[in-house]
Amino acid sequence: MPVVDVDPDELRELTGHDKDVEEFKEDLFSLGLEYEGETEDGELQLEFAPDRLDRLSVEGIARSLRYHYGDARGVHVPGTNDPEWTIHVDESVPAERPYVTGAVIRGVDLDEDALESIIQLQEKLHATMGRKRAKGAIGIHDLAMVKGTAIEEEGTHTVDYRGIEPDGDTFVPLDSDAELTPAETLEAHETGREYADLVADYERYPAIYDELGLFSFPPVINGKRTEVDTGSRELLVEMTGTDQWTIDHMLNIVCYAFAARGATIEEVEVEYADGATAPEGGRELIRPDLSTNEKSVSHDRIETMLGVEFDTEEVVDLFERSGLDATYSLGEDVVYDVEIPPYRVDVLHPYDLVDDVGRAYGFNELEPTYPDIGTVGGRHERSRLEDAVRTSLVGLGFEDLLNFHMISGPENYDRLNVDPGTDVPASSASGGQSDQGSDAVVGGGEPVEITEPYSEDYTQLRTWALPSLMLVLERNTHRAYPQDLAEIGLAAEYDEAENTNVAEHRTVAGVLARNDASYEDAKARLQAVCEDFDVELETPATEHPTFIDGRTAEVVIDGDSVGVIGEIHPSVLVEHDLELPVSGFEFRLDALE
């Protein structure tokens, strides 16, 4: 979870409330921000769910508190001045990072605290919404040090976003006194080395130029010439990335933070050249885009989820105290049309609106009630089966594990020599089981990708559990052997035959890591499990890229091919830094029913 350092004095100044720390902690907890401790300088460390990215700075937290205290109501959109600056996107910009956005900030008053807050906001947005700068990166520059190309007939100035050869023009990066090319920056500069992987595969690097030359090398580092300090009064904010929507909304959050400190926001025109990759909005954009969004939610849904009876005006009031605006229409049910400010990137569903109403009302004010149903709870049959299989595995000496169901593509496929799309979806098999045949590769299903992954380590649902067990072995090389591990968990793959396009199943996997681990050891344990559940096991020879040829077999239970068993291939062991043999198996749980 993101943790933000907040100066209590800044909080008092920006909220207008002279409260002590304990009062602030109580108020912040009601907003979903948990107190984690204090820094050496007495700043509060606050942890919160990563959906409210507008609270990544003291400015955003203070804004939420002002709504909570009733000092502010409804949607606030700061005014903007007409653009005097243009960012021209050249056709030479790398196709891997084609988009840019920006704004000019005027009349900003930066003391040390304000500057530290803006820097923290920048880095927190990089780490979260920007996906460690891979999806979006922020550059903030002293506008007085930027010399744009003047367009006299329009009274505007232009800077260029273009591509540059790795050994092209030089500039002085931040925290350096040496003139370096982009390639030299990636090798010689500490920050350059840290983010070199982001552009390592680019033929041309992203760069931003003014009339004096290169002054920004996104997403790696800004130039020293335009460095911002407490004397800066006018700023140029530019953001580059792989998705226009993402960087535009990152920009909105930054603009609101500056506006909270009394700065004026000036628009910037973004102009994409004919050969450049243009976003859906067209080749000429005016940014920041501070237009509001709208979503609807019914009165009945609010009352049903919160268990409270409201009148319509009370709901409107609660929306306004959440920083939203709402109107309602009458019909079979009252429906609220809710206006959402541009910094709220978290409102994706009507449930998010209900959550805002509940927080404004006060979750501590909700009274628990018994559900009006007459059923008696009990274990699902699948859960009973899982428990029984788990007991059997533990009795055979396995240590039971519970791993994440999400994983990365390289961990799920590449490091086990498996190619995506080499398995048959479970729903394609008769009887709902995976009667795959010898050409199918267990674990090779099409991946279910996460559209907006929070981390590059968790980008898809795993198609089998064996990669998770291999990761545990890799991280446990400092532990004593033998290590016999097993897991019963979820696996999923893309399948158009399903209503959701996702075929899920429960899978059973086990590995034996020891100096004498063999195919026979794994089969003996698998045979014991099958005997416990009175099913017939067959193990005809097969091939699988994760296992050694000649030491691999299908797992066939009651006539259905449901898995694979064998000795792990040496290339897989080397990939996971393992220095002793490993044998293992994986099969579908429902084969034991």
# chains A, B, ... in the order shown; residues from 1 in each chain; ligands from 1

call {"tool": "residues_around", "arguments": {"residues": "A:Leu53", "least_positions_apart": "3", "cutoff": "9 Å", "atoms": "only C-alpha atoms", "output": "MDAnalysis selection string"}}
result
chainID A and resid 49:50 56:57 60 124:125 128:129 250 253 343:346

call {"tool": "write_last_selection", "arguments": {"atoms": "N, CA, C and O atoms", "output": "PDB file, in the first residue's frame"}}
result
ATOM      1  N   ALA A  49      -5.450   2.763   0.661  1.00  0.00           N
ATOM      2  CA  ALA A  49      -5.660   1.941  -0.526  1.00  0.00           C
ATOM      3  C   ALA A  49      -5.267   2.737  -1.766  1.00  0.00           C
ATOM      4  O   ALA A  49      -5.521   3.941  -1.850  1.00  0.00           O
ATOM      5  N   PRO A  50      -4.649   2.080  -2.751  1.00  0.00           N
ATOM      6  CA  PRO A  50      -4.087   2.814  -3.892  1.00  0.00           C
ATOM      7  C   PRO A  50      -5.110   3.313  -4.889  1.00  0.00           C
ATOM      8  O   PRO A  50      -4.721   3.820  -5.942  1.00  0.00           O
ATOM      9  N   LEU A  56      -2.219  11.322  -2.795  1.00  0.00           N
ATOM     10  CA  LEU A  56      -0.794  11.007  -2.695  1.00  0.00           C
ATOM     11  C   LEU A  56       0.038  12.189  -2.231  1.00  0.00           C
ATOM     12  O   LEU A  56       1.260  12.118  -2.232  1.00  0.00           O
ATOM     13  N   SER A  57      -0.608  13.276  -1.865  1.00  0.00           N
ATOM     14  CA  SER A  57       0.113  14.457  -1.378  1.00  0.00           C
ATOM     15  C   SER A  57      -0.710  15.116  -0.288  1.00  0.00           C
ATOM     16  O   SER A  57      -1.911  14.862  -0.139  1.00  0.00           O
ATOM     17  N   GLY A  60      -3.879  16.877  -1.589  1.00  0.00           N
ATOM     18  CA  GLY A  60      -5.063  16.056  -1.819  1.00  0.00           C
ATOM     19  C   GLY A  60      -5.703  15.589  -0.532  1.00  0.00           C
ATOM     20  O   GLY A  60      -6.932  15.529  -0.422  1.00  0.00           O
ATOM     21  N   LYS A 124       5.355   9.348  -6.084  1.00  0.00           N
ATOM     22  CA  LYS A 124       4.286   8.405  -5.759  1.00  0.00           C
ATOM     23  C   LYS A 124       3.437   8.099  -6.989  1.00  0.00           C
ATOM     24  O   LYS A 124       2.996   6.958  -7.188  1.00  0.00           O
ATOM     25  N   LEU A 125       3.179   9.104  -7.827  1.00  0.00           N
ATOM     26  CA  LEU A 125       2.457   8.854  -9.076  1.00  0.00           C
ATOM     27  C   LEU A 125       3.276   7.986 -10.013  1.00  0.00           C
ATOM     28  O   LEU A 125       2.742   7.128 -10.728  1.00  0.00           O
ATOM     29  N   THR A 128       2.891   4.349  -8.766  1.00  0.00           N
ATOM     30  CA  THR A 128       1.554   3.742  -8.823  1.00  0.00           C
ATOM     31  C   THR A 128       0.969   3.832 -10.225  1.00  0.00           C
ATOM     32  O   THR A 128       1.099   2.918 -11.019  1.00  0.00           O
ATOM     33  N   MET A 129       0.347   4.925 -10.538  1.00  0.00           N
ATOM     34  CA  MET A 129      -0.326   5.077 -11.825  1.00  0.00           C
ATOM     35  C   MET A 129       0.645   5.001 -12.995  1.00  0.00           C
ATOM     36  O   MET A 129       0.314   4.509 -14.075  1.00  0.00           O
ATOM     37  N   MET A 250      -2.895  11.708 -14.616  1.00  0.00           N
ATOM     38  CA  MET A 250      -1.791  12.056 -13.723  1.00  0.00           C
ATOM     39  C   MET A 250      -1.598  13.569 -13.699  1.00  0.00           C
ATOM     40  O   MET A 250      -1.373  14.169 -12.637  1.00  0.00           O
ATOM     41  N   ILE A 253      -4.165  15.380 -11.462  1.00  0.00           N
ATOM     42  CA  ILE A 253      -3.867  15.298 -10.029  1.00  0.00           C
ATOM     43  C   ILE A 253      -2.790  16.310  -9.654  1.00  0.00           C
ATOM     44  O   ILE A 253      -2.884  16.999  -8.629  1.00  0.00           O
ATOM     45  N   TYR A 343      -9.978  14.747 -11.031  1.00  0.00           N
ATOM     46  CA  TYR A 343      -8.886  14.105 -10.300  1.00  0.00           C
ATOM     47  C   TYR A 343      -9.282  12.753  -9.719  1.00  0.00           C
ATOM     48  O   TYR A 343      -8.427  12.020  -9.207  1.00  0.00           O
ATOM     49  N   ARG A 344     -10.563  12.374  -9.794  1.00  0.00           N
ATOM     50  CA  ARG A 344     -11.027  11.109  -9.231  1.00  0.00           C
ATOM     51  C   ARG A 344     -10.920  10.008 -10.290  1.00  0.00           C
ATOM     52  O   ARG A 344     -11.843   9.789 -11.078  1.00  0.00           O
ATOM     53  N   VAL A 345      -9.792   9.335 -10.331  1.00  0.00           N
ATOM     54  CA  VAL A 345      -9.585   8.263 -11.300  1.00  0.00           C
ATOM     55  C   VAL A 345     -10.103   6.925 -10.784  1.00  0.00           C
ATOM     56  O   VAL A 345     -10.041   5.917 -11.487  1.00  0.00           O
ATOM     57  N   ASP A 346     -10.617   6.911  -9.551  1.00  0.00           N
ATOM     58  CA  ASP A 346     -11.016   5.660  -8.922  1.00  0.00           C
ATOM     59  C   ASP A 346     -12.479   5.319  -9.121  1.00  0.00           C
ATOM     60  O   ASP A 346     -12.893   4.197  -8.832  1.00  0.00           O
TER      61      ASP A 346
END

call {"tool": "residues_around", "arguments": {"residues": "A:Ile557", "least_positions_apart": "5", "cutoff": "7 Å", "atoms": "only C-alpha atoms", "output": "list of chain:residue names"}}
result
A:Val535, A:Glu536, A:Leu537, A:Glu538, A:Val562, A:Ala591

call {"tool": "write_last_selection", "arguments": {"atoms": "N, CA, C and O atoms", "output": "PDB file, in the first residue's frame"}}
result
ATOM      1  N   VAL A 535      -9.828 -43.772  -7.134  1.00  0.00           N
ATOM      2  CA  VAL A 535      -9.841 -43.536  -8.580  1.00  0.00           C
ATOM      3  C   VAL A 535      -8.671 -44.286  -9.197  1.00  0.00           C
ATOM      4  O   VAL A 535      -7.676 -44.601  -8.530  1.00  0.00           O
ATOM      5  N   GLU A 536      -8.777 -44.583 -10.504  1.00  0.00           N
ATOM      6  CA  GLU A 536      -7.767 -45.360 -11.201  1.00  0.00           C
ATOM      7  C   GLU A 536      -6.755 -44.437 -11.866  1.00  0.00           C
ATOM      8  O   GLU A 536      -7.134 -43.539 -12.634  1.00  0.00           O
ATOM      9  N   LEU A 537      -5.484 -44.655 -11.596  1.00  0.00           N
ATOM     10  CA  LEU A 537      -4.404 -43.838 -12.160  1.00  0.00           C
ATOM     11  C   LEU A 537      -3.650 -44.602 -13.233  1.00  0.00           C
ATOM     12  O   LEU A 537      -3.274 -45.753 -13.036  1.00  0.00           O
ATOM     13  N   GLU A 538      -3.435 -43.924 -14.368  1.00  0.00           N
ATOM     14  CA  GLU A 538      -2.559 -44.434 -15.419  1.00  0.00           C
ATOM     15  C   GLU A 538      -1.559 -43.337 -15.754  1.00  0.00           C
ATOM     16  O   GLU A 538      -1.885 -42.150 -15.698  1.00  0.00           O
ATOM     17  N   VAL A 562      -5.621 -35.572 -17.280  1.00  0.00           N
ATOM     18  CA  VAL A 562      -5.900 -34.412 -16.425  1.00  0.00           C
ATOM     19  C   VAL A 562      -4.645 -33.732 -15.896  1.00  0.00           C
ATOM     20  O   VAL A 562      -4.732 -32.805 -15.093  1.00  0.00           O
ATOM     21  N   ALA A 591     -10.774 -34.195 -10.977  1.00  0.00           N
ATOM     22  CA  ALA A 591     -10.577 -35.582 -11.398  1.00  0.00           C
ATOM     23  C   ALA A 591     -10.767 -36.561 -10.247  1.00  0.00           C
ATOM     24  O   ALA A 591     -10.969 -37.761 -10.466  1.00  0.00           O
TER      25      ALA A 591
END

call {"tool": "residues_around", "arguments": {"residues": "A:Cys530", "least_positions_apart": "4", "cutoff": "12 Å", "atoms": "only C-alpha atoms", "output": "number ranges by chain"}}
result
A: 388-389, 392-393, 523-526, 534-538, 555-558, 587, 589, 591-593

call {"tool": "closest_atom_pairs", "arguments": {"of": "stretch 20-46 of chain A", "to": "stretch 66-87 of chain A", "cutoff": "10 Å", "atoms": "only C-alpha atoms", "output": "Markdown table"}}
result
| residue | atom | partner | partner_atom | distance |
| --- | --- | --- | --- | --- |
| A:Asp27 | CA | A:His68 | CA | 8.2 |
| A:Leu28 | CA | A:His68 | CA | 9.4 |
| A:Ser30 | CA | A:His68 | CA | 9.2 |
| A:Leu31 | CA | A:His68 | CA | 8.2 |

call {"tool": "closest_residue", "arguments": {"among": "A:Tyr481, A:Thr264, A:Val502, A:Ser296", "to": "A:Gly445", "atoms": "only C-alpha atoms"}}
result
A:Val502

call {"tool": "select_by_dssp", "arguments": {"residues": "stretch 8-234 of chain A", "states": "strand (DSSP E)", "output": "ChimeraX atom specification"}}
result
/A:33-38,44-48,80-89,99-106,136-142,149-151,156-164,205-210,213-217,221-222,234

call {"tool": "select_by_dssp", "arguments": {"residues": "stretch 471-516 of chain A", "states": "helix (DSSP H, G or I)", "output": "VMD selection string"}}
result
chain A and resid 471 to 475

call {"tool": "residues_around", "arguments": {"residues": "A:Leu174", "least_positions_apart": "5", "cutoff": "10 Å", "atoms": "only C-alpha atoms", "output": "mmCIF file with N, CA, C and O atoms, in the first residue's frame"}}
result
data_model
loop_
_atom_site.group_PDB
_atom_site.id
_atom_site.type_symbol
_atom_site.label_atom_id
_atom_site.label_comp_id
_atom_site.auth_asym_id
_atom_site.auth_seq_id
_atom_site.Cartn_x
_atom_site.Cartn_y
_atom_site.Cartn_z
ATOM 1 N N HIS A 189 25.203 7.762 -14.996
ATOM 2 C CA HIS A 189 24.413 8.473 -13.993
ATOM 3 C C HIS A 189 23.620 7.474 -13.156
ATOM 4 O O HIS A 189 23.044 6.519 -13.688
ATOM 5 N N THR A 191 20.695 7.681 -11.558
ATOM 6 C CA THR A 191 19.290 7.594 -11.959
ATOM 7 C C THR A 191 19.166 6.967 -13.337
ATOM 8 O O THR A 191 18.221 6.207 -13.610
ATOM 9 N N SER A 216 15.186 17.594 -21.461
ATOM 10 C CA SER A 216 14.502 16.537 -20.713
ATOM 11 C C SER A 216 14.661 15.220 -21.457
ATOM 12 O O SER A 216 14.490 15.163 -22.679
ATOM 13 N N ILE A 221 15.298 11.119 -16.811
ATOM 14 C CA ILE A 221 15.764 12.217 -15.960
ATOM 15 C C ILE A 221 15.615 13.542 -16.687
ATOM 16 O O ILE A 221 15.669 13.611 -17.927
ATOM 17 N N ASN A 222 15.387 14.620 -15.914
ATOM 18 C CA ASN A 222 15.334 15.976 -16.458
ATOM 19 C C ASN A 222 16.738 16.558 -16.563
ATOM 20 O O ASN A 222 17.691 16.054 -15.966
ATOM 21 N N GLY A 223 16.827 17.659 -17.293
ATOM 22 C CA GLY A 223 18.089 18.376 -17.385
ATOM 23 C C GLY A 223 18.276 19.332 -16.223
ATOM 24 O O GLY A 223 17.310 19.844 -15.638
ATOM 25 N N LYS A 224 19.537 19.596 -15.886
ATOM 26 C CA LYS A 224 19.845 20.482 -14.771
ATOM 27 C C LYS A 224 19.469 21.925 -15.073
ATOM 28 O O LYS A 224 19.140 22.698 -14.169
ATOM 29 N N ARG A 225 19.500 22.297 -16.364
ATOM 30 C CA ARG A 225 19.227 23.694 -16.740
ATOM 31 C C ARG A 225 17.849 24.155 -16.269
ATOM 32 O O ARG A 225 17.670 25.317 -15.887
ATOM 33 N N THR A 226 16.866 23.273 -16.269
ATOM 34 C CA THR A 226 15.490 23.664 -15.937
ATOM 35 C C THR A 226 15.068 23.179 -14.550
ATOM 36 O O THR A 226 13.886 23.067 -14.267
ATOM 37 N N GLU A 227 16.043 22.893 -13.690
ATOM 38 C CA GLU A 227 15.743 22.374 -12.358
ATOM 39 C C GLU A 227 14.890 23.361 -11.559
ATOM 40 O O GLU A 227 15.121 24.571 -11.584
#

call {"tool": "residues_around", "arguments": {"residues": "A:Arg233", "least_positions_apart": "3", "cutoff": "9 Å", "atoms": "only C-alpha atoms", "output": "VMD selection string"}}
result
chain A and resid 105 to 110 142 to 144 230

call {"tool": "residues_around", "arguments": {"residues": "A:Glu554", "least_positions_apart": "2", "cutoff": "8 Å", "atoms": "only C-alpha atoms", "output": "list in words"}}
result
Ser438, Glu538, Thr539, Pro540, Ala541, Thr542, Thr552, Val556, Ser561, Val562, Gly563, Val564 and Ile565 of chain A
